[in-house]
Amino acid sequence: MTSNGKPKFAMYWAASCGGCEIAVLNIHEKILDVDANFEVVFWPVAMDAKYKDVEAMEDGSILLTLFNGAIRNEENEHLAKLLRQKSQILVAFGSCATEGCMPALANLSPLEELVSTVYSTVSTDNPENIHPQPTYKAPEGEIHIPKLYPIVRTLDQVVDVDYYMPGCPPESHQIAAVLDLVIDAIHGKATLPPKGSVIGAGGSTVCDECPRKRDVKTIREFKRIQNIMLDPEICILEQGVICSGPATRSGCGALCPQAGSPCIGCYGPAEGVLDYGARLLTAVASVIESKDPQEIERILEGIPDPAGMFYRFNLGASLLRASKAAWAR
Amino acid sequence: MSKERIGVYICHCGSNIAGTVDVVEVARWAGETLKERGVVVSRDYKFMCSSLGQELIQKDIKEQGLTRVVVAACSPHLHEQTFRNACKEGGLNPYLCELVSIREQCSWIHSDKAVGTEKAKAIVSGGVEKVIWNEPLEPLRVPINPVTLVVGGGIAGIQAALEIANSGYPVIMVEREPSIGGHMAQFDKTFPTLDCAACILTPRMVEVGSHPNVKLFSYAEVTNVSGYVGNFQVTIKQKARSVNTELCTGCGICQEKCPKKVVDPVFEAGLGYRKAIYTPFPQAVPKYPVIDRENCTYFLKGTCRACEKFCPTGAIDFTQQDEYFTFDVGQIIIATGWDLFDARRIPQYGYGRLANVFTSLEFERLSNAAGPTGGKIVLRDGVTVPKSVAIIHCVGSRDRNYNPYCSAICCMQSLKFAHIVRERTGAEVYNFYLEMRTPAKGYEEFYQRVLEEGTHFIRGKVAEITDAARYPGEEGKIIIQVENTLIGKQMRVPVDMVILSAALEPRRDFKEVARLFGISCSEEGWLIERHPKLDPVATMTEGIYIAGCAQGPKDIPASVAQGAAAAARVVGKIQQKEILMEPIRASIDQDKCSGCRICNNLCPFNAISFIEERMVSEVNPALCQGCGTCVAACPAGAISGTVFSDQAILAQLDGLLLKNVKVLDFTPA
């Protein structure tokens, strides 16, 4: 408890896009409840704070930290460890922190290749071919930028995590519900779920929330969304467009399929599923309606980027983890 | 630490395992290193499957209070049941025993003992982690339907059907052609006794046709199979015969009057004609003809109807449609036979180009007393009797360009041809062979007999069969170019007629057959038996048996033996009245299932149904065979399989990676 008696709240962004922060602000007037119930001690995107202020706090003095973003560099890792140490409840908030999300797709390429794509390809205006260096001797003294790690990791691959909140970003109504739950728990009106639980999401999959009509699936051709007029009533997967709904945890309210767009899987794997991409891949493969190897080959050509398609959000948390060799590079 | 008390048993399997795996070391290692994981006893033994080995387990269960058992020995296909039974005898639920393979998956594939030993340790460690998750289970008991489906009406199928029917149980036989009899019905004589094939076959055919326990569908195919051992549902498509079998008496007037002659590519091997309405041969069973609609003038042009006009009983029915029948059967015997190698694939042998090059099946028809020439051996012109005949062995067999295997019957068949040619024409006969293979009873004696009859035997692979004469005396002849490997000389042998002993090949549609019945076939397409030595007629799918050439090339006695063997297995099962089934089943967690319906049409046993009102899918445990297809496919992870839960499999993987005994560090230094 602090001087004003309110429990402390922190939010941090590591390797992320900032969407999670916006999603939190998107809870509208509920944000006033946050202010009424918490003292916000650290939230770089919303208020000024220094890392040294956090370092100076007593261990466990922050009640709730929403940590979004994946662990891409030294700074991310430092803050993850610091906030773990200072927080009672550490929530992996959003897809990047829980499962790696887009940043973890970088794990498909070696670090040098990533850096060179950013700084040296034809589309880059970098005549002196300057690449970022971890240390630089300026006239004023030596300055540092955080070192990039060869592999993007999820938060729980770096520190112990209490709860996981999926979504890219988590839906605002789910954030509001989680904040309500924590506030109720503070006042003794509710109990928190067991450690390690997924919060702010459902226990089934997106199909459960999707109103589209469903039949058995027999796919003879995969189509891309831009090449087809989707029937608004019928299951998108049955129409040949890969929809990740069957493999994706419920909780979003099936927003994308209802808007005529396939689920892309941002809520991550269903309860108990270890490898999201592998699950979705076997499911999709098993509804291909052909026994002829050549035809199957042709049908599969309709999926131009399988890794990006099936592991769009989950590569960081998948079983396809980096080997020791990757770290040694 | 696991609360279980686990016993680990490492089998030497004589030197099969102990030769490449230090079994004593593996047992010592498991006893020490896996102590933390609950291993209280770890032993090695010469033959775990022996009764002494089994007693070892039983004694430990009683004395050491074991709650789990891991046996590291051979493949579960061989001895899983043995060790489960041993545990059961010892008072432990049989499903708490795990058999891991350190023979097929380890000792047999390694030569380095150090590597083999380390791998065996990992496999044992995986087994220990897995067995912790095993649950006590009771086998399911299911009543068995006494009806048996026999697919294929050749000699193997006929034998199987009669054995079962004579035991008092019902049989449904399905034959694709208009008559049963198979290839044997095409032959004139059978080796080595030179029995008339028809004389010994047709009584069997008649018996099948008239047996009160046999329901025969000819000109029919099986189009769908679902269910499981004891309780299959099969759909049979009865192709439209265009003949009402209730009225037809089989008098044959229709065939006599039909004006349309068609080359018969099946029964007459393209060597003779049949009518558009036909039975393949006079002794056909059933006796009812069929109309070949592709060639019938009425179906082509809308006129003729000669058969209808002359039929004394009004049995011709041009409006007949294909009919589908569904039956419940308990077990299935597949005896679909073989197809002849297409000799055109070896262009240098001239078949299809040189008129007087014949295939073995063509020669069978040519020499058959009921065949197109009445058994007269003549050239393709129909009149000229050959003065010299070459018989080529191994055409399309034992040849890496075509089929690597030996077709098993060609040597004896070629000797039979040689005998028949000598007997009927007195021609000079040359047999071109690679090796003579005459291993069965009476075969070698037959070879001696043919040798003594004066047939010439030339050992060598024929390079070319040509009509291009090069030397005097070759004009107008077919010349066999060959190296006689016994004298080491090239030879050119001019002859009038050539017979190619073509290979036996799997049925062209073997893939569909295998898929339809859910069984596997070899690379070449022969259906695979459960065990090549100890279980030659069962398949990996419970309740489905194979017999005859569908399983691999074989002669008539072997086909008959297999048919009888399959029948014995079937009758044995029927007499048990119920079968014990593995209690390994899939189940769907109704809370996790969102009704996406991806699993709905994947189940090979049709065990999954969609419950519309609740929008979830369900597994029928009576139909489920525990194959795991749906478990793998469920995108929501809502389906799990008993014994093979995700936790159990992952635990086994962790064990294999030795994560249970040391922590692997994947984080940066």
# chains A, B, ... in the order shown; residues from 1 in each chain; ligands from 1
$ residues_around --residues "B:Leu140" --least-positions-apart "2" --cutoff "6 Å" --atoms "only C-alpha atoms" --output "ChimeraX atom specification"
/B:580-581,583
$ closest_atom_pairs --of "chain A" --to "chain B" --cutoff "6 Å" --atoms "only C-alpha atoms" --output "JSON lines"
{"residue": "A:Ser204", "atom": "CA", "partner": "B:Lys592", "partner_atom": "CA", "distance": 4.6}
{"residue": "A:Thr205", "atom": "CA", "partner": "B:Ser594", "partner_atom": "CA", "distance": 5.9}
{"residue": "A:Cys207", "atom": "CA", "partner": "B:Ser594", "partner_atom": "CA", "distance": 5.5}
{"residue": "A:Asp208", "atom": "CA", "partner": "B:Ser594", "partner_atom": "CA", "distance": 4.5}
{"residue": "A:Val216", "atom": "CA", "partner": "B:Arg597", "partner_atom": "CA", "distance": 5.5}
{"residue": "A:Pro246", "atom": "CA", "partner": "B:Pro635", "partner_atom": "CA", "distance": 5.7}
{"residue": "A:Ala247", "atom": "CA", "partner": "B:Pro635", "partner_atom": "CA", "distance": 4.4}
{"residue": "A:Ala270", "atom": "CA", "partner": "B:Ala636", "partner_atom": "CA", "distance": 5.3}
{"residue": "A:Val273", "atom": "CA", "partner": "B:Gly637", "partner_atom": "CA", "distance": 5.6}
{"residue": "A:Arg279", "atom": "CA", "partner": "B:Pro635", "partner_atom": "CA", "distance": 4.9}
{"residue": "A:Leu280", "atom": "CA", "partner": "B:Pro635", "partner_atom": "CA", "distance": 5.3}
{"residue": "A:Thr282", "atom": "CA", "partner": "B:Ala633", "partner_atom": "CA", "distance": 5.3}
{"residue": "A:Ala283", "atom": "CA", "partner": "B:Ala633", "partner_atom": "CA", "distance": 4.4}
{"residue": "A:Lys324", "atom": "CA", "partner": "B:Phe666", "partner_atom": "CA", "distance": 5.8}
$ closest_residue --among "B:Tyr95, B:Phe217, B:Phe232, B:Tyr405" --to "B:Ala622" --atoms "only C-alpha atoms"
B:Phe232
$ residues_around --residues "B:Asp292" --least-positions-apart "6" --cutoff "8 Å" --atoms "only C-alpha atoms" --output "short mmCIF file (atom, residue, chain, number, x, y, z; two decimals) with C-alpha atoms, in the first residue's frame"
data_model
loop_
_atom_site.label_atom_id
_atom_site.label_comp_id
_atom_site.auth_asym_id
_atom_site.auth_seq_id
_atom_site.Cartn_x
_atom_site.Cartn_y
_atom_site.Cartn_z
CA ALA B 276 -23.19 -58.83 -75.99
CA ILE B 277 -25.39 -60.89 -73.67
CA TYR B 278 -23.19 -63.53 -72.15
#
$ atom_distance --atom1 "atom CA of B:Ala408" --atom2 "atom CA of B:Ile334"
20.3 Å
$ closest_residue --among "B:Ser360, B:Ser520, B:Gln81, B:Ser218" --to "B:Glu582" --atoms "only C-alpha atoms"
B:Gln81
$ residues_around --residues "B:Leu354" --least-positions-apart "4" --cutoff "10 Å" --atoms "only C-alpha atoms" --output "PDB file with N, CA and C atoms, in the first residue's frame"
ATOM      1  N   TYR B 349      10.185 -57.479 -76.635  1.00  0.00           N
ATOM      2  CA  TYR B 349       9.659 -58.833 -76.715  1.00  0.00           C
ATOM      3  C   TYR B 349       8.529 -58.945 -77.744  1.00  0.00           C
ATOM      4  N   GLY B 350       8.151 -57.800 -78.293  1.00  0.00           N
ATOM      5  CA  GLY B 350       7.291 -57.816 -79.476  1.00  0.00           C
ATOM      6  C   GLY B 350       5.826 -58.129 -79.257  1.00  0.00           C
ATOM      7  N   PHE B 358       2.544 -64.753 -77.783  1.00  0.00           N
ATOM      8  CA  PHE B 358       1.347 -64.899 -76.946  1.00  0.00           C
ATOM      9  C   PHE B 358       1.707 -64.663 -75.477  1.00  0.00           C
ATOM     10  N   ARG B 380      -1.645 -67.462 -84.672  1.00  0.00           N
ATOM     11  CA  ARG B 380      -2.702 -66.450 -84.623  1.00  0.00           C
ATOM     12  C   ARG B 380      -3.626 -66.545 -85.855  1.00  0.00           C
ATOM     13  N   ILE B 465      13.138 -60.320 -79.045  1.00  0.00           N
ATOM     14  CA  ILE B 465      12.349 -61.243 -79.861  1.00  0.00           C
ATOM     15  C   ILE B 465      11.993 -60.464 -81.117  1.00  0.00           C
ATOM     16  N   THR B 466      12.422 -60.962 -82.276  1.00  0.00           N
ATOM     17  CA  THR B 466      12.311 -60.141 -83.480  1.00  0.00           C
ATOM     18  C   THR B 466      11.892 -60.985 -84.671  1.00  0.00           C
ATOM     19  N   ASP B 467      11.374 -60.293 -85.691  1.00  0.00           N
ATOM     20  CA  ASP B 467      11.074 -61.013 -86.931  1.00  0.00           C
ATOM     21  C   ASP B 467      12.071 -60.610 -88.026  1.00  0.00           C
ATOM     22  N   ILE B 478      10.119 -66.188 -85.948  1.00  0.00           N
ATOM     23  CA  ILE B 478      10.396 -65.237 -84.875  1.00  0.00           C
ATOM     24  C   ILE B 478      11.712 -65.690 -84.253  1.00  0.00           C
ATOM     25  N   MET B 497       6.358 -69.762 -82.727  1.00  0.00           N
ATOM     26  CA  MET B 497       5.449 -69.212 -81.721  1.00  0.00           C
ATOM     27  C   MET B 497       6.236 -68.926 -80.440  1.00  0.00           C
ATOM     28  N   VAL B 498       5.848 -67.844 -79.777  1.00  0.00           N
ATOM     29  CA  VAL B 498       6.498 -67.498 -78.513  1.00  0.00           C
ATOM     30  C   VAL B 498       5.416 -67.354 -77.445  1.00  0.00           C
TER      31      VAL B 498
END
$ atom_distance --atom1 "atom CA of B:Ala547" --atom2 "atom CA of B:Ile333"
7.0 Å
